[in-house]
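Student: Have a look at this one before I ask anything.
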Amino acid sequence: MRKFGIWLVILVILLAAGGMMLASRLTVVRSSWQKKTADGRAKVLDLRKKAAEAQKLVDNGRSDLQEAIHGWDWYRISPQVTKGARPGVLGVGLGTSHGLQPNSVVFVFQPSADGAGTSFVGPFKVVAAQLQEASATLVPNWRLRPEEEQESQTWRYGPNWRIRSNIPLQHKTQFSKFEMMILTKDELLAAQQQHLQLQQNAKSKAEEHLSLRMKELKGDPDQANQSLEKFLLEGYHKAVADSEIARNAVQADVDELRRQIKRTRDEIGRLTQDNEQLAEEGSSDVPKAATSQK
C-alpha cells in the first residue's frame, strides 16, 4: 500500500507536470488562433469595405454607361456605303430588314481617318421611293453648303459606316443652334454681298462718269478722225487754254490798238493846239483895219 501510494503520488506529479505543459501549449495555441481570428476578422472587414467601394464604383460606372447610351437608341453597321448621283447623297447596304423606315431621319457616322472610331457626318433622310429590303438611299436632312458639297467628295466611302436611329437631345439642340447660326451668317453674307454689288455698280457708274469727264477735260483720241468741235476732240482743258491764249493775243492786239489810238489822239490834240497857237500868233500880226474890212 505504501509503494502504491508513492507511485500514485509520482503519477499525479507526472500528470500534473504534463497537464501544465499541455495547458501552456493550449494557451499558446489558443493565443495563436485568437490572433489569426482577429487578423482574419480585420481582413474580412477590410475586404468587405473594399468590396463595397468596388460595388459603388461598378454602380457609378453602370449609371454613367446608362447615361452615356441614353438617347442613342439602336445602330447598324452598313457593310458598304457608296457615293450617290448628287453631292451628299449616300447609298447604304441597309434596308427595311434592318429597321429603316420610309422618310425617317437617321444619323450617319463615317469611319475615322485612323480607323479607331467614327466621326459624325450628319442627319440624313431615307428616300421612301428607293428604300429596299437590304438597300436604301439617304439624302442630307440639312441645307448642304457649297463647301460641304466639295467636302462630300472626300468622305471615306466603303464599309463600317455606322447608322444610328437617334442621338441625345442635347446634341440635336446643338446641331440646330449651329444650323441657325450658319443660316444667320449666310443671310448676313448675302446682304453684304448684295450691298457690295450695289457699291461696285455705283463705283462702275462713277468710273464711267469720271471717264466721260476726263475725256471732256483732256479729249477723246478715239474721235480724232471725226468732224467735231475742237473742245470735244482736244478736251475742255486744252480748248480753254488755247482760247485763253487766243484771247490774250487779241487783248494784246486790242491794247496795242488802243495805245495807237491814244497816241494818235494825243498827236491830234498836240497838232490842234499848235495850230491854234499859230493861228493866234498869225492873227496878232494882221492890221486891225484889214481885219475890220473883212
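Identifiers for the C-alpha cells are assigned positionally: chains receive A, B, ... in sequence, residues are indexed from 1 per chain, and ligands are indexed from 1 in the order shown.
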Can you tell me which residues surround Lys83 in chain A at a distance of at most 9 Å, considering only C-alpha atoms, apart from same-chain residues fewer than 4 positions away, and format the answer as a list in words?
Tutor: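 Residues meeting the cut-off are Pro87, Gly88, Val89, Leu90, Gly91, Ser152, Gln153, Trp155 and Tyr157 of chain A.
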Student: Could you pull out the alpha helix (DSSP H) residues of range 29-237 of chain A from DSSP and send them as a ChimeraX atom specification?
Tutor: /A:29-69,146-152,169-218,230-237
Student: Restricting it to C-alpha atoms, dump the selection as a tab-separated table (two decimals), in the first residue's frame.
Tutor:
chain	number	residue	atom	x	y	z
A	29	VAL	CA	-2.20	27.63	-29.47
A	30	ARG	CA	-5.32	29.45	-28.29
A	31	SER	CA	-3.45	32.79	-28.39
A	32	SER	CA	-2.23	31.96	-31.88
A	33	TRP	CA	-5.72	31.10	-33.07
A	34	GLN	CA	-7.16	34.17	-31.40
A	35	LYS	CA	-4.61	36.30	-33.21
A	36	LYS	CA	-5.35	34.57	-36.51
A	37	THR	CA	-9.08	35.01	-35.89
A	38	ALA	CA	-8.63	38.73	-35.13
A	39	ASP	CA	-6.42	39.17	-38.21
A	40	GLY	CA	-8.91	37.23	-40.31
A	41	ARG	CA	-11.80	39.30	-38.99
A	42	ALA	CA	-9.92	42.55	-39.71
A	43	LYS	CA	-9.02	41.27	-43.16
A	44	VAL	CA	-12.64	40.29	-43.82
A	45	LEU	CA	-13.81	43.72	-42.71
A	46	ASP	CA	-11.20	45.36	-44.94
A	47	LEU	CA	-12.24	43.16	-47.88
A	48	ARG	CA	-15.89	43.93	-47.21
A	49	LYS	CA	-15.06	47.64	-47.24
A	50	LYS	CA	-13.10	47.29	-50.48
A	51	ALA	CA	-15.92	45.19	-51.95
A	52	ALA	CA	-18.42	47.92	-51.02
A	53	GLU	CA	-16.22	50.57	-52.63
A	54	ALA	CA	-15.77	48.40	-55.71
A	55	GLN	CA	-19.52	47.82	-55.90
A	56	LYS	CA	-20.07	51.55	-55.61
A	57	LEU	CA	-17.64	52.12	-58.49
A	58	VAL	CA	-19.45	49.46	-60.51
A	59	ASP	CA	-22.81	51.08	-59.80
A	60	ASN	CA	-21.44	54.50	-60.75
A	61	GLY	CA	-19.92	53.03	-63.90
A	62	ARG	CA	-23.23	51.40	-64.83
A	63	SER	CA	-25.03	54.65	-64.15
A	64	ASP	CA	-22.55	56.57	-66.34
A	65	LEU	CA	-22.90	53.93	-69.03
A	66	GLN	CA	-26.68	54.14	-68.97
A	67	GLU	CA	-26.47	57.93	-69.06
A	68	ALA	CA	-24.00	57.78	-71.94
A	69	ILE	CA	-26.06	55.39	-74.05
A	146	PRO	CA	-21.14	74.64	-101.46
A	147	GLU	CA	-18.06	73.84	-99.39
A	148	GLU	CA	-19.87	70.84	-97.90
A	149	GLU	CA	-20.66	69.62	-101.41
A	150	GLN	CA	-16.93	69.66	-102.13
A	151	GLU	CA	-16.20	68.01	-98.78
A	152	SER	CA	-18.67	65.20	-99.59
A	169	LEU	CA	-31.46	65.63	-77.39
A	170	GLN	CA	-28.61	67.92	-76.33
A	171	HIS	CA	-26.67	67.05	-79.46
A	172	LYS	CA	-29.72	67.65	-81.64
A	173	THR	CA	-30.22	71.01	-79.99
A	174	GLN	CA	-26.59	71.87	-80.55
A	175	PHE	CA	-26.83	70.96	-84.23
A	176	SER	CA	-29.99	73.06	-84.54
A	177	LYS	CA	-28.18	76.01	-82.98
A	178	PHE	CA	-25.27	75.58	-85.38
A	179	GLU	CA	-27.65	75.37	-88.34
A	180	MET	CA	-29.47	78.53	-87.20
A	181	MET	CA	-26.15	80.32	-86.66
A	182	ILE	CA	-24.93	79.28	-90.13
A	183	LEU	CA	-28.24	80.41	-91.66
A	184	THR	CA	-27.91	83.79	-89.95
A	185	LYS	CA	-24.34	84.11	-91.19
A	186	ASP	CA	-25.41	83.16	-94.72
A	187	GLU	CA	-28.17	85.78	-94.69
A	188	LEU	CA	-25.71	88.38	-93.42
A	189	LEU	CA	-23.20	87.34	-96.07
A	190	ALA	CA	-25.87	87.55	-98.80
A	191	ALA	CA	-26.89	91.02	-97.61
A	192	GLN	CA	-23.27	92.14	-97.53
A	193	GLN	CA	-22.63	90.69	-100.99
A	194	GLN	CA	-25.72	92.48	-102.31
A	195	HIS	CA	-24.53	95.70	-100.70
A	196	LEU	CA	-21.07	95.11	-102.19
A	197	GLN	CA	-22.62	94.56	-105.62
A	198	LEU	CA	-24.54	97.82	-105.30
A	199	GLN	CA	-21.35	99.59	-104.30
A	200	GLN	CA	-19.47	98.04	-107.22
A	201	ASN	CA	-22.24	99.10	-109.60
A	202	ALA	CA	-22.11	102.61	-108.16
A	203	LYS	CA	-18.33	102.56	-108.49
A	204	SER	CA	-18.57	101.39	-112.12
A	205	LYS	CA	-21.03	104.18	-112.93
A	206	ALA	CA	-18.85	106.71	-111.12
A	207	GLU	CA	-15.79	105.50	-113.03
A	208	GLU	CA	-17.78	105.71	-116.27
A	209	HIS	CA	-18.83	109.25	-115.45
A	210	LEU	CA	-15.28	110.07	-114.42
A	211	SER	CA	-14.01	108.71	-117.74
A	212	LEU	CA	-16.51	110.89	-119.61
A	213	ARG	CA	-15.49	113.93	-117.58
A	214	MET	CA	-11.79	113.18	-118.15
A	215	LYS	CA	-12.45	112.86	-121.88
A	216	GLU	CA	-14.27	116.19	-121.73
A	217	LEU	CA	-11.29	117.71	-119.94
A	218	LYS	CA	-8.42	116.02	-121.82
A	230	LYS	CA	-12.38	121.28	-131.03
A	231	PHE	CA	-13.31	121.04	-127.36
A	232	LEU	CA	-14.79	117.58	-128.00
A	233	LEU	CA	-11.61	116.34	-129.67
A	234	GLU	CA	-8.95	118.01	-127.52
A	235	GLY	CA	-10.90	118.47	-124.32
A	236	TYR	CA	-12.09	121.45	-122.39
A	237	HIS	CA	-8.72	121.90	-120.68
Student: Which residues, written as a PDB file with C-alpha atoms, in the first residue's frame, have at least one atom at most 12 Å from Gly115 in chain A, with only C-alpha atoms counted and residues fewer than 6 positions away on the same chain left out?
Tutor:
ATOM      1  CA  ARG A 156     -14.414  57.779 -96.693  1.00  0.00           C
ATOM      2  CA  PRO A 159     -17.613  49.580 -95.210  1.00  0.00           C
ATOM      3  CA  ASN A 160     -18.027  50.125 -91.461  1.00  0.00           C
ATOM      4  CA  TRP A 161     -20.289  53.172 -91.605  1.00  0.00           C
TER       5      TRP A 161
END
Student: With only C-alpha atoms as the counted atoms, please give the residues lying no more than 7 Å from range 123-140 of chain A, apart from itself and same-chain residues fewer than 6 positions off, as a PDB file with N, CA, C and O atoms, in the first residue's frame.
Tutor:
ATOM      1  N   GLY A  88     -23.455  64.632-101.585  1.00  0.00           N
ATOM      2  CA  GLY A  88     -24.061  64.428-100.275  1.00  0.00           C
ATOM      3  C   GLY A  88     -25.003  63.245-100.197  1.00  0.00           C
ATOM      4  O   GLY A  88     -25.405  62.858 -99.098  1.00  0.00           O
ATOM      5  N   VAL A  89     -25.387  62.642-101.325  1.00  0.00           N
ATOM      6  CA  VAL A  89     -26.317  61.512-101.326  1.00  0.00           C
ATOM      7  C   VAL A  89     -25.528  60.229-101.091  1.00  0.00           C
ATOM      8  O   VAL A  89     -24.449  60.027-101.658  1.00  0.00           O
ATOM      9  N   LEU A  90     -26.074  59.341-100.237  1.00  0.00           N
ATOM     10  CA  LEU A  90     -25.406  58.091 -99.868  1.00  0.00           C
ATOM     11  C   LEU A  90     -26.262  56.909-100.287  1.00  0.00           C
ATOM     12  O   LEU A  90     -27.489  56.936-100.179  1.00  0.00           O
ATOM     13  N   GLY A  91     -25.592  55.859-100.749  1.00  0.00           N
ATOM     14  CA  GLY A  91     -26.230  54.571-100.957  1.00  0.00           C
ATOM     15  C   GLY A  91     -25.713  53.601 -99.911  1.00  0.00           C
ATOM     16  O   GLY A  91     -24.508  53.349 -99.825  1.00  0.00           O
ATOM     17  N   VAL A  92     -26.589  53.059 -99.048  1.00  0.00           N
ATOM     18  CA  VAL A  92     -26.176  52.211 -97.929  1.00  0.00           C
ATOM     19  C   VAL A  92     -26.701  50.799 -98.132  1.00  0.00           C
ATOM     20  O   VAL A  92     -27.727  50.577 -98.796  1.00  0.00           O
ATOM     21  N   GLY A  93     -25.974  49.853 -97.549  1.00  0.00           N
ATOM     22  CA  GLY A  93     -26.378  48.456 -97.627  1.00  0.00           C
ATOM     23  C   GLY A  93     -27.293  48.043 -96.501  1.00  0.00           C
ATOM     24  O   GLY A  93     -27.139  46.957 -95.935  1.00  0.00           O
ATOM     25  N   LEU A  94     -28.236  48.886 -96.134  1.00  0.00           N
ATOM     26  CA  LEU A  94     -29.227  48.608 -95.102  1.00  0.00           C
ATOM     27  C   LEU A  94     -30.602  48.941 -95.665  1.00  0.00           C
ATOM     28  O   LEU A  94     -30.736  49.806 -96.535  1.00  0.00           O
ATOM     29  N   GLY A  95     -31.622  48.247 -95.155  1.00  0.00           N
ATOM     30  CA  GLY A  95     -32.967  48.494 -95.645  1.00  0.00           C
ATOM     31  C   GLY A  95     -34.021  48.250 -94.589  1.00  0.00           C
ATOM     32  O   GLY A  95     -33.767  48.350 -93.385  1.00  0.00           O
ATOM     33  N   THR A  96     -35.205  47.879 -95.049  1.00  0.00           N
ATOM     34  CA  THR A  96     -36.319  47.665 -94.128  1.00  0.00           C
ATOM     35  C   THR A  96     -36.055  46.501 -93.183  1.00  0.00           C
ATOM     36  O   THR A  96     -36.544  46.494 -92.049  1.00  0.00           O
ATOM     37  N   SER A  97     -35.296  45.517 -93.635  1.00  0.00           N
ATOM     38  CA  SER A  97     -34.983  44.376 -92.767  1.00  0.00           C
ATOM     39  C   SER A  97     -34.059  44.763 -91.627  1.00  0.00           C
ATOM     40  O   SER A  97     -33.901  43.985 -90.676  1.00  0.00           O
ATOM     41  N   PRO A 102     -39.463  54.438 -94.195  1.00  0.00           N
ATOM     42  CA  PRO A 102     -39.551  55.487 -95.229  1.00  0.00           C
ATOM     43  C   PRO A 102     -39.636  56.881 -94.602  1.00  0.00           C
ATOM     44  O   PRO A 102     -40.361  57.101 -93.636  1.00  0.00           O
ATOM     45  N   ASN A 103     -38.865  57.786 -95.166  1.00  0.00           N
ATOM     46  CA  ASN A 103     -38.858  59.208 -94.766  1.00  0.00           C
ATOM     47  C   ASN A 103     -38.395  59.424 -93.326  1.00  0.00           C
ATOM     48  O   ASN A 103     -38.581  60.518 -92.781  1.00  0.00           O
ATOM     49  N   SER A 104     -37.832  58.400 -92.708  1.00  0.00           N
ATOM     50  CA  SER A 104     -37.300  58.581 -91.351  1.00  0.00           C
ATOM     51  C   SER A 104     -35.933  59.252 -91.419  1.00  0.00           C
ATOM     52  O   SER A 104     -35.258  59.232 -92.454  1.00  0.00           O
ATOM     53  N   VAL A 105     -35.535  59.850 -90.314  1.00  0.00           N
ATOM     54  CA  VAL A 105     -34.252  60.542 -90.225  1.00  0.00           C
ATOM     55  C   VAL A 105     -33.288  59.690 -89.413  1.00  0.00           C
ATOM     56  O   VAL A 105     -33.620  59.254 -88.304  1.00  0.00           O
ATOM     57  N   VAL A 106     -32.132  59.413 -89.963  1.00  0.00           N
ATOM     58  CA  VAL A 106     -31.097  58.649 -89.276  1.00  0.00           C
ATOM     59  C   VAL A 106     -29.839  59.510 -89.202  1.00  0.00           C
ATOM     60  O   VAL A 106     -29.687  60.489 -89.936  1.00  0.00           O
ATOM     61  N   PHE A 107     -28.949  59.124 -88.312  1.00  0.00           N
ATOM     62  CA  PHE A 107     -27.728  59.886 -88.070  1.00  0.00           C
ATOM     63  C   PHE A 107     -26.542  59.014 -88.472  1.00  0.00           C
ATOM     64  O   PHE A 107     -26.387  57.898 -87.984  1.00  0.00           O
ATOM     65  N   VAL A 108     -25.719  59.561 -89.366  1.00  0.00           N
ATOM     66  CA  VAL A 108     -24.696  58.772 -90.039  1.00  0.00           C
ATOM     67  C   VAL A 108     -23.315  59.155 -89.505  1.00  0.00           C
ATOM     68  O   VAL A 108     -22.999  60.339 -89.352  1.00  0.00           O
TER      69      VAL A 108
END
Student: Could you jot down the CA of Ile167 in chain A to CA of Phe109 in chain A separation for me, Å, one decimal place?
Tutor: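 Result for CA of Ile167 in chain A versus CA of Phe109 in chain A: 11.4 Å, one decimal.
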Student: If DSSP is run on the backbone, what residues of range 28-125 of chain A are strand (DSSP E or B)? A reply as a ChimeraX atom specification would be ideal.
Tutor: /A:75-78,81-83,90-92,105-111,118-125
